[in-house]
Structure formats: structure tokens, C-alpha cells
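Trainee: To be precise about what I am sending: the file is called coords15.pdb and holds PDB, C-alpha atoms.
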```
MODEL        1
ATOM      1  CA  PRO J  29     -11.711  -5.702 -82.441
ATOM      2  CA  ALA J  30      -8.634  -3.547 -83.094
ATOM      3  CA  PRO J  31      -9.367  -0.374 -85.064
ATOM      4  CA  ALA J  32      -8.371  -0.478 -88.695
ATOM      5  CA  LYS J  33      -5.246   1.440 -89.603
ATOM      6  CA  ALA J  34      -5.808   4.546 -91.637
ATOM      7  CA  THR J  35      -4.358   4.312 -95.108
ATOM      8  CA  PRO J  36      -2.340   7.437 -95.939
ATOM      9  CA  LYS J  37      -3.594   9.326 -98.955
ATOM     10  CA  PRO J  38      -1.145   9.583-101.841
ATOM     11  CA  LYS J  39       0.358  13.017-102.355
ATOM     12  CA  PRO J  40      -1.002  14.825-105.418
ATOM     13  CA  ALA J  41       1.422  15.046-108.294
ATOM     14  CA  ALA J  42       2.826  18.442-109.152
ATOM     15  CA  GLU J  43       0.728  20.238-111.715
ATOM     16  CA  THR J  44       2.356  20.787-115.084
ATOM     17  CA  PRO J  45       1.465  23.803-117.221
ATOM     18  CA  LYS J  46      -0.958  23.080-120.017
ATOM     19  CA  THR J  47       0.041  23.476-123.628
ATOM     20  CA  GLY J  48      -0.095  27.138-124.624
ATOM     21  CA  GLU J  49      -0.229  28.329-121.012
ATOM     22  CA  GLU J  50       2.131  31.189-120.190
ATOM     23  CA  VAL J  51       4.694  30.564-117.487
ATOM     24  CA  ASP J  52       6.355  33.533-115.827
ATOM     25  CA  PRO J  53      10.132  33.051-116.289
ATOM     26  CA  VAL J  54      10.856  35.133-113.189
ATOM     27  CA  ASP J  55       9.208  32.522-110.959
ATOM     28  CA  GLU J  56      11.402  29.742-112.306
ATOM     29  CA  GLN J  57      14.287  28.891-110.005
ATOM     30  CA  PRO J  58      17.719  28.035-111.412
ATOM     31  CA  GLU J  59      18.378  24.316-111.443
ATOM     32  CA  PRO J  60      21.198  23.110-109.200
ATOM     33  CA  SER J  61      24.282  21.698-110.809
ATOM     34  CA  GLY J  62      25.856  18.358-110.012
ATOM     35  CA  ASP J  63      27.476  19.701-106.834
ATOM     36  CA  GLY J  64      24.122  20.945-105.488
ATOM     37  CA  GLU J  65      24.864  24.618-106.100
ATOM     38  CA  THR J  66      22.835  26.997-108.224
ATOM     39  CA  PRO J  67      24.452  29.592-110.517
ATOM     40  CA  LEU J  68      23.663  32.295-107.966
ATOM     41  CA  ASP J  69      25.739  30.448-105.333
ATOM     42  CA  ARG J  70      28.896  31.037-107.354
ATOM     43  CA  VAL J  71      28.503  34.751-108.051
ATOM     44  CA  ASP J  72      31.552  36.884-107.290
ATOM     45  CA  LEU J  73      29.928  39.976-105.814
ATOM     46  CA  THR J  74      33.147  41.980-106.030
ATOM     47  CA  LYS J  75      32.888  41.888-109.845
ATOM     48  CA  VAL J  76      29.307  43.189-110.026
ATOM     49  CA  PRO J  77      30.187  46.938-109.999
ATOM     50  CA  LYS J  78      32.642  46.484-112.892
ATOM     51  CA  GLU J  79      30.155  44.370-114.845
ATOM     52  CA  LEU J  80      27.467  46.959-114.220
ATOM     53  CA  GLU J  81      29.727  49.744-115.477
ATOM     54  CA  THR J  82      30.485  47.752-118.641
ATOM     55  CA  LYS J  83      26.789  47.074-119.294
ATOM     56  CA  LEU J  84      25.862  50.721-118.783
ATOM     57  CA  ASP J  85      28.585  51.871-121.194
ATOM     58  CA  LEU J  86      27.264  49.424-123.775
ATOM     59  CA  LEU J  87      23.488  49.794-123.367
ATOM     60  CA  ASP J  88      22.872  53.197-121.778
ATOM     61  CA  ARG J  89      23.358  55.377-124.835
ATOM     62  CA  ASP J  90      22.188  58.492-122.989
ATOM     63  CA  ALA J  91      24.902  58.030-120.330
ATOM     64  CA  CYS J  92      22.462  59.112-117.630
ATOM     65  CA  VAL J  93      23.391  56.663-114.862
ATOM     66  CA  ARG J  94      26.044  57.665-112.367
ATOM     67  CA  PRO J  95      27.617  55.597-109.575
ATOM     68  CA  THR J  96      26.462  56.616-106.125
ATOM     69  CA  ILE J  97      28.423  56.402-102.881
ATOM     70  CA  ILE J  98      26.353  55.666 -99.777
ATOM     71  CA  LYS J  99      27.720  57.412 -96.707
ATOM     72  CA  LEU J 100      26.393  56.403 -93.307
ATOM     73  CA  SER J 101      25.756  58.845 -90.530
ATOM     74  CA  GLU J 102      28.360  58.976 -87.767
ATOM     75  CA  ARG J 103      25.600  58.680 -85.156
ATOM     76  CA  TRP J 104      23.181  55.763 -85.140
ATOM     77  CA  ASN J 105      20.015  55.365 -83.080
ATOM     78  CA  ARG J 106      19.206  51.868 -81.844
ATOM     79  CA  THR J 107      15.727  50.789 -80.735
ATOM     80  CA  TYR J 108      15.575  47.636 -78.622
ATOM     81  CA  GLN J 109      13.617  45.826 -75.868
ATOM     82  CA  LYS J 110      15.259  44.578 -72.681
ATOM     83  CA  ALA J 111      12.586  41.865 -72.422
ATOM     84  CA  LEU J 112       9.879  40.460 -74.664
ATOM     85  CA  LEU J 113       7.087  42.466 -73.015
ATOM     86  CA  ALA J 114       9.178  45.481 -72.033
ATOM     87  CA  ASP J 115       8.688  48.915 -73.547
ATOM     88  CA  PRO J 116      11.025  49.817 -76.423
ATOM     89  CA  SER J 117      14.124  51.763 -75.460
ATOM     90  CA  GLU J 118      16.468  53.859 -77.540
ATOM     91  CA  GLU J 119      20.154  54.597 -77.360
ATOM     92  CA  ALA J 120      22.611  56.469 -79.554
ATOM     93  CA  TRP J 121      25.794  54.922 -80.897
ATOM     94  CA  ASP J 122      28.832  56.946 -81.866
ATOM     95  CA  THR J 123      31.523  55.618 -84.222
ATOM     96  CA  ASP J 124      33.427  53.917 -81.380
ATOM     97  CA  ARG J 125      30.314  52.080 -80.191
ATOM     98  CA  GLN J 126      29.469  51.045 -83.754
ATOM     99  CA  GLU J 127      32.927  49.551 -84.194
ATOM    100  CA  GLU J 128      32.627  47.740 -80.860
ATOM    101  CA  GLU J 129      29.242  46.228 -81.730
ATOM    102  CA  ARG J 130      30.472  45.242 -85.176
ATOM    103  CA  ASP J 131      33.399  43.371 -83.654
ATOM    104  CA  ARG J 132      31.045  41.627 -81.243
ATOM    105  CA  ALA J 133      28.821  40.537 -84.140
ATOM    106  CA  PHE J 134      31.770  39.102 -86.072
ATOM    107  CA  ASP J 135      33.041  37.333 -82.948
ATOM    108  CA  LEU J 136      29.622  35.715 -82.517
ATOM    109  CA  LEU J 137      29.556  34.699 -86.186
ATOM    110  CA  ASP J 138      33.047  33.238 -85.832
ATOM    111  CA  ALA J 139      31.967  31.226 -82.771
ATOM    112  CA  LEU J 140      28.764  29.925 -84.370
ATOM    113  CA  SER J 141      30.559  28.802 -87.512
ATOM    114  CA  ARG J 142      33.619  27.486 -85.642
ATOM    115  CA  SER J 143      35.885  29.844 -87.559
ATOM    116  CA  GLY J 144      34.279  28.920 -90.857
ATOM    117  CA  ALA J 145      34.358  25.147 -90.374
ATOM    118  CA  LEU J 146      30.537  24.929 -90.288
ATOM    119  CA  GLU J 147      28.304  26.045 -93.137
ATOM    120  CA  LEU J 148      25.573  28.544 -92.325
ATOM    121  CA  GLU J 149      22.337  27.300 -93.851
ATOM    122  CA  LYS J 150      19.180  29.346 -94.445
ATOM    123  CA  THR J 151      21.061  32.609 -94.147
ATOM    124  CA  ALA J 152      20.988  35.680 -96.365
ATOM    125  CA  LEU J 153      23.667  38.169 -97.343
ATOM    126  CA  HIS J 154      22.359  41.587 -98.339
ATOM    127  CA  VAL J 155      24.499  43.650-100.699
ATOM    128  CA  ILE J 156      23.507  47.187-101.697
ATOM    129  CA  ILE J 157      24.548  48.538-105.095
ATOM    130  CA  CYS J 158      23.331  52.052-105.721
ATOM    131  CA  SER J 159      23.261  54.156-108.891
ATOM    132  CA  THR J 160      21.508  57.399-109.752
ATOM    133  CA  HIS J 161      19.691  58.178-112.995
ATOM    134  CA  CYS J 162      20.333  61.830-113.817
ATOM    135  CA  PHE J 163      18.300  64.084-116.091
ATOM    136  CA  GLY J 164      19.635  67.242-117.724
ATOM    137  CA  ARG J 165      16.416  68.990-116.744
ATOM    138  CA  SER J 166      13.790  68.457-114.103
ATOM    139  CA  VAL J 167      11.417  65.550-114.627
ATOM    140  CA  MET J 168       8.597  67.874-115.688
ATOM    141  CA  ASN J 169      10.793  69.852-118.110
ATOM    142  CA  THR J 170      12.104  66.585-119.543
ATOM    143  CA  LEU J 171       8.517  65.620-120.309
ATOM    144  CA  VAL J 172       7.278  68.997-121.560
ATOM    145  CA  GLN J 173      10.291  70.695-123.167
ATOM    146  CA  ASP J 174      12.219  67.675-124.447
ATOM    147  CA  ASN J 175       9.093  65.630-125.187
ATOM    148  CA  VAL J 176      10.741  62.621-123.559
ATOM    149  CA  ASN J 177       8.994  60.138-121.304
ATOM    150  CA  PRO J 178      11.231  59.928-118.198
ATOM    151  CA  ILE J 179       9.619  56.672-117.074
ATOM    152  CA  GLU J 180      10.883  54.869-120.166
ATOM    153  CA  LYS J 181      14.429  56.057-119.488
ATOM    154  CA  VAL J 182      14.344  54.987-115.849
ATOM    155  CA  GLU J 183      12.833  51.615-116.759
ATOM    156  CA  ARG J 184      15.698  51.003-119.180
ATOM    157  CA  SER J 185      18.276  51.834-116.512
ATOM    158  CA  SER J 186      16.489  49.580-114.020
ATOM    159  CA  LEU J 187      16.449  46.690-116.493
ATOM    160  CA  ILE J 188      20.165  47.085-117.202
ATOM    161  CA  MET J 189      20.955  46.972-113.492
ATOM    162  CA  ALA J 190      18.565  44.108-112.733
ATOM    163  CA  SER J 191      19.813  41.961-115.622
ATOM    164  CA  THR J 192      23.416  42.495-114.513
ATOM    165  CA  VAL J 193      22.803  41.760-110.827
ATOM    166  CA  HIS J 194      20.604  38.694-111.416
ATOM    167  CA  GLY J 195      22.572  37.406-114.420
ATOM    168  CA  LEU J 196      19.435  37.163-116.566
ATOM    169  CA  SER J 197      18.457  38.717-119.865
ATOM    170  CA  PRO J 198      15.920  41.588-119.740
ATOM    171  CA  GLU J 199      13.414  39.404-121.566
ATOM    172  CA  LEU J 200      13.364  36.920-118.677
ATOM    173  CA  LEU J 201      12.789  39.707-116.141
ATOM    174  CA  LEU J 202       9.661  41.012-117.857
ATOM    175  CA  LYS J 203       6.151  39.707-118.114
ATOM    176  CA  PRO J 204       5.534  38.271-121.594
ATOM    177  CA  ARG J 205       3.015  41.005-122.405
ATOM    178  CA  ALA J 206       5.521  43.733-121.472
ATOM    179  CA  VAL J 207       8.379  42.519-123.680
ATOM    180  CA  THR J 208       6.896  43.982-126.871
ATOM    181  CA  LEU J 209       6.291  47.353-125.228
ATOM    182  CA  VAL J 210       9.813  47.604-123.831
ATOM    183  CA  LYS J 211      11.297  46.598-127.181
ATOM    184  CA  GLU J 212       9.660  49.640-128.766
ATOM    185  CA  PHE J 213      11.410  52.254-126.635
ATOM    186  CA  SER J 214      14.540  50.285-125.615
ATOM    187  CA  PRO J 215      15.436  47.968-128.515
ATOM    188  CA  VAL J 216      19.123  48.152-127.615
ATOM    189  CA  LEU J 217      18.469  45.890-124.620
ATOM    190  CA  PHE J 218      17.464  43.050-126.938
ATOM    191  CA  GLU J 219      19.839  43.604-129.861
ATOM    192  CA  GLU J 220      22.609  41.700-128.101
ATOM    193  CA  LEU J 221      20.305  38.706-127.555
ATOM    194  CA  GLU J 222      19.235  38.708-131.198
ATOM    195  CA  GLU J 223      22.864  38.785-132.343
ATOM    196  CA  ASP J 224      23.670  35.843-130.059
ATOM    197  CA  ASP J 225      20.696  33.887-131.472
ATOM    198  CA  LYS J 226      21.835  34.594-135.037
ATOM    199  CA  GLY J 227      25.339  33.450-134.191
ATOM    200  CA  LYS J 228      24.050  30.211-132.700
ATOM    201  CA  GLY J 229      21.829  29.649-135.744
ATOM    202  CA  ALA J 230      24.741  30.172-138.111
ATOM    203  CA  ALA J 231      26.865  27.753-136.111
TER
ENDMDL
END
```
Can you present the structure in this file as C-alpha cells?

Mentor:
Amino acid sequence: PAPAKATPKPKPAAETPKTGEEVDPVDEQPEPSGDGETPLDRVDLTKVPKELETKLDLLDRDACVRPTIIKLSERWNRTYQKALLADPSEEAWDTDRQEEERDRAFDLLDALSRSGALELEKTALHVIICSTHCFGRSVMNTLVQDNVNPIEKVERSSLIMASTVHGLSPELLLKPRAVTLVKEFSPVLFEELEEDDKGKGAA
């Protein structure tokens, strides 16, 4: 007799959080819009530095954060393998070689995408935005002489930057148990949200 066909098992339904169970907002992904894009797909990265400067002027009352320019070295060292099992080799690139390799990379990208006619899926663009939190004294003197916790100041600056870059409120970037603690030493980060909520309630 012919063997019986195996009946495929039904896939388990996605688990939904129970009532009262905390859900970390950071793990929630933005829902795509009607055109299949998420809000992060439409971010204009050229506007981020200006938005960050505006947020820091508004929320960083100590004015401790300064823009930082990243300067690359004129000489780069490249480590590579000529074959999969070959020993690693090193070579130095001067500015001319760096420019040549950069042009080769863009030529390859242009060929793979057919001059932009094809979309590049499952790719990532890395953008570095750097700022420096400055103290009037050393970290130890800030703690001892000024009686100021430097960690709280740096955390506030980090939250301002993170909320601007990710387009989320500080409350959504924190664990629920940490929101109350941060509100104690940086209430200014949440005052804007409370004003918005009051305005919506009045409307």
C-alpha cells in the first residue's frame, strides 16, 4: 500500500501580550504606510544636524554639547586576504590610492544598480553624527567640587541625540522602569510631551 501523506502541522499563532504585561516600546517596529515604506525610509539625513542643533538649544540648558568634526588620517592601512585560506596581508593607502579605490567602489555600485534603475534591497547606509559633551572641570572635580553627577548630564545629552536621530520621544527610548528616574534629573526632556498632551486634550 502507498504510504500515507504526512499532514503539515499548522503554524502556531503569534503570541499576544497578556493584559498588564509590559511591552518594550523600543522593540516595536514602525508600521509601514500604504506605499510599503516606514517612517525611517523617508528621513532626510541632511537635515539631522540642524534638527539636532535645534533640540540641543531647546533642551540642553547647560549648553555642554559641542559639534565635533571627524578628520580621517591621510594614510590608511588595509588588511586583506588574497585567497580564503591565505594569510592576511597589509598595505598602506595614501590619499591618491584612497580616491582611486573610492571611485572603483562607486563604479561597481553604479554597475550593480544599473545607474540607479534597480533598487538595492537588504542594504544598510551608515551615517556618523558626532558630538562632544564638555565639562567645565574634570569629571572627578565635577563630582566632588560641583556636587554634580556627570552621568546624569551625559545621559540627558545622549537621550536628546537619540530621540532626534530616531525620531522618537525619550520616553519611548527608555525602559518603563527608567522613565521615572530620568524624569527626576531631566524633567525638561518630558515637558514638551506633556504640553503636547495638554494641547491635544484641550482640542

Trainee: For the file shown, report as a list in words the outcome of the PyMOL selection byres ((chain J and resi 86) around 12) at residue level.

Mentor: Glu79, Leu80, Glu81, Thr82, Lys83, Leu84, Asp85, Leu87, Asp88, Arg89, Asp90, Ala91, Ser185, Ile188, Val216, Leu217, Glu219 and Glu220 of chain J

Trainee: Could you state which residues are captured by the PyMOL selection byres ((chain J and resi 145-161) around 6) in this file, as a PyMOL selection string?

Mentor: chain J and resi 92-96+141-144+162

Trainee: In Å, rounded to a single decimal, give me how far CA of Ala120 in chain J is from CA of Trp104 in chain J.

Mentor: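 Spanning CA of Trp104 in chain J to CA of Ala120 in chain J is a straight-line distance of 5.7 Å.
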
Trainee: Between CA of Val182 in chain J and CA of Leu209 in chain J, what is the spacing in Å?

Mentor: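 Those two atoms sit 14.5 Å apart.
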
Trainee: How big is the axis-aligned box around all listed atoms of range 155-172 of chain J once 6 Å goes on each side, and where's its centre, in Å to one decimal, as lines of an AutoDock Vina configuration file?

Mentor:
```
center_x = 15.9
center_y = 56.8
center_z = -111.1
size_x = 29.3
size_y = 38.2
size_z = 32.9
```

Trainee: Find the residues around range 163-166 of chain J up to 9 Å (all atoms listed in the file counted), leave out those fewer than 5 positions away in its own chain, and share them as a ChimeraX atom specification.

Mentor: /J:92,171,174,178

Trainee: Could those residues be written to a file, using C-alpha atoms, as a PDB file, keeping the file's coordinate frame?

Mentor:
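Printed below is again_37.pdb as written:
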```pdb
ATOM      1  CA  CYS J  92      22.462  59.112-117.630  1.00  0.00           C
ATOM      2  CA  LEU J 171       8.517  65.620-120.309  1.00  0.00           C
ATOM      3  CA  ASP J 174      12.219  67.675-124.447  1.00  0.00           C
ATOM      4  CA  PRO J 178      11.231  59.928-118.198  1.00  0.00           C
TER       5      PRO J 178
END
```

Trainee: So what do you get for CA of Leu140 in chain J versus CA of Thr123 in chain J, distance-wise?

Mentor: 25.8 Å

Trainee: Any chance you could work out the residue set of the PyMOL selection byres ((chain J and resi 76) around 10) here, as a CSV table (one decimal) with C-alpha atoms, in the frame of the given file?

Mentor:
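The new file out_0.csv reads:
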```csv
chain,number,residue,atom,x,y,z
J,71,VAL,CA,28.5,34.8,-108.1
J,72,ASP,CA,31.6,36.9,-107.3
J,73,LEU,CA,29.9,40.0,-105.8
J,74,THR,CA,33.1,42.0,-106.0
J,75,LYS,CA,32.9,41.9,-109.8
J,77,PRO,CA,30.2,46.9,-110.0
J,78,LYS,CA,32.6,46.5,-112.9
J,79,GLU,CA,30.2,44.4,-114.8
J,80,LEU,CA,27.5,47.0,-114.2
J,81,GLU,CA,29.7,49.7,-115.5
J,82,THR,CA,30.5,47.8,-118.6
J,157,ILE,CA,24.5,48.5,-105.1
J,189,MET,CA,21.0,47.0,-113.5
J,192,THR,CA,23.4,42.5,-114.5
J,193,VAL,CA,22.8,41.8,-110.8
J,194,HIS,CA,20.6,38.7,-111.4
J,195,GLY,CA,22.6,37.4,-114.4
```

Trainee: Could I get range 69-89 of chain J rebuilt with N, CA and C atoms, written as a compact mmCIF listing (two decimals), in the frame of the given file?

Mentor:
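Writing the result to out_29.txt gives the following:
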```txt
# COMPACT_ATOMS: atom_id res chain seq x y z
N ASP J 69 24.84 30.76 -106.45
CA ASP J 69 25.74 30.45 -105.33
C ASP J 69 27.20 30.73 -105.68
N ARG J 70 27.51 30.86 -106.95
CA ARG J 70 28.90 31.04 -107.35
C ARG J 70 29.17 32.44 -107.89
N VAL J 71 28.34 33.39 -107.57
CA VAL J 71 28.50 34.75 -108.05
C VAL J 71 29.59 35.45 -107.24
N ASP J 72 30.52 36.08 -107.94
CA ASP J 72 31.55 36.88 -107.29
C ASP J 72 31.02 38.31 -107.17
N LEU J 73 30.57 38.68 -106.00
CA LEU J 73 29.93 39.98 -105.81
C LEU J 73 30.89 41.14 -106.00
N THR J 74 32.18 40.89 -105.86
CA THR J 74 33.15 41.98 -106.03
C THR J 74 33.26 42.41 -107.50
N LYS J 75 32.81 41.56 -108.43
CA LYS J 75 32.89 41.89 -109.84
C LYS J 75 31.63 42.58 -110.37
N VAL J 76 30.57 42.62 -109.56
CA VAL J 76 29.31 43.19 -110.03
C VAL J 76 29.44 44.67 -110.40
N PRO J 77 30.08 45.52 -109.59
CA PRO J 77 30.19 46.94 -110.00
C PRO J 77 30.88 47.13 -111.35
N LYS J 78 31.95 46.37 -111.61
CA LYS J 78 32.64 46.48 -112.89
C LYS J 78 31.76 45.99 -114.02
N GLU J 79 31.05 44.88 -113.81
CA GLU J 79 30.16 44.37 -114.84
C GLU J 79 29.03 45.35 -115.11
N LEU J 80 28.53 45.98 -114.06
CA LEU J 80 27.47 46.96 -114.22
C LEU J 80 27.95 48.17 -115.02
N GLU J 81 29.16 48.61 -114.73
CA GLU J 81 29.73 49.74 -115.48
C GLU J 81 29.88 49.40 -116.96
N THR J 82 30.33 48.18 -117.25
CA THR J 82 30.48 47.75 -118.64
C THR J 82 29.14 47.70 -119.36
N LYS J 83 28.12 47.16 -118.69
CA LYS J 83 26.79 47.07 -119.29
C LYS J 83 26.21 48.46 -119.54
N LEU J 84 26.40 49.37 -118.61
CA LEU J 84 25.86 50.72 -118.78
C LEU J 84 26.56 51.44 -119.94
N ASP J 85 27.87 51.26 -120.07
CA ASP J 85 28.58 51.87 -121.19
C ASP J 85 28.09 51.32 -122.53
N LEU J 86 27.70 50.06 -122.54
CA LEU J 86 27.26 49.42 -123.78
C LEU J 86 25.81 49.72 -124.12
N LEU J 87 24.93 49.73 -123.12
CA LEU J 87 23.49 49.79 -123.37
C LEU J 87 22.85 51.13 -123.04
N ASP J 88 23.45 51.90 -122.15
CA ASP J 88 22.87 53.20 -121.78
C ASP J 88 23.45 54.28 -122.69
N ARG J 89 22.83 54.45 -123.84
CA ARG J 89 23.36 55.38 -124.84
C ARG J 89 23.22 56.84 -124.41
```
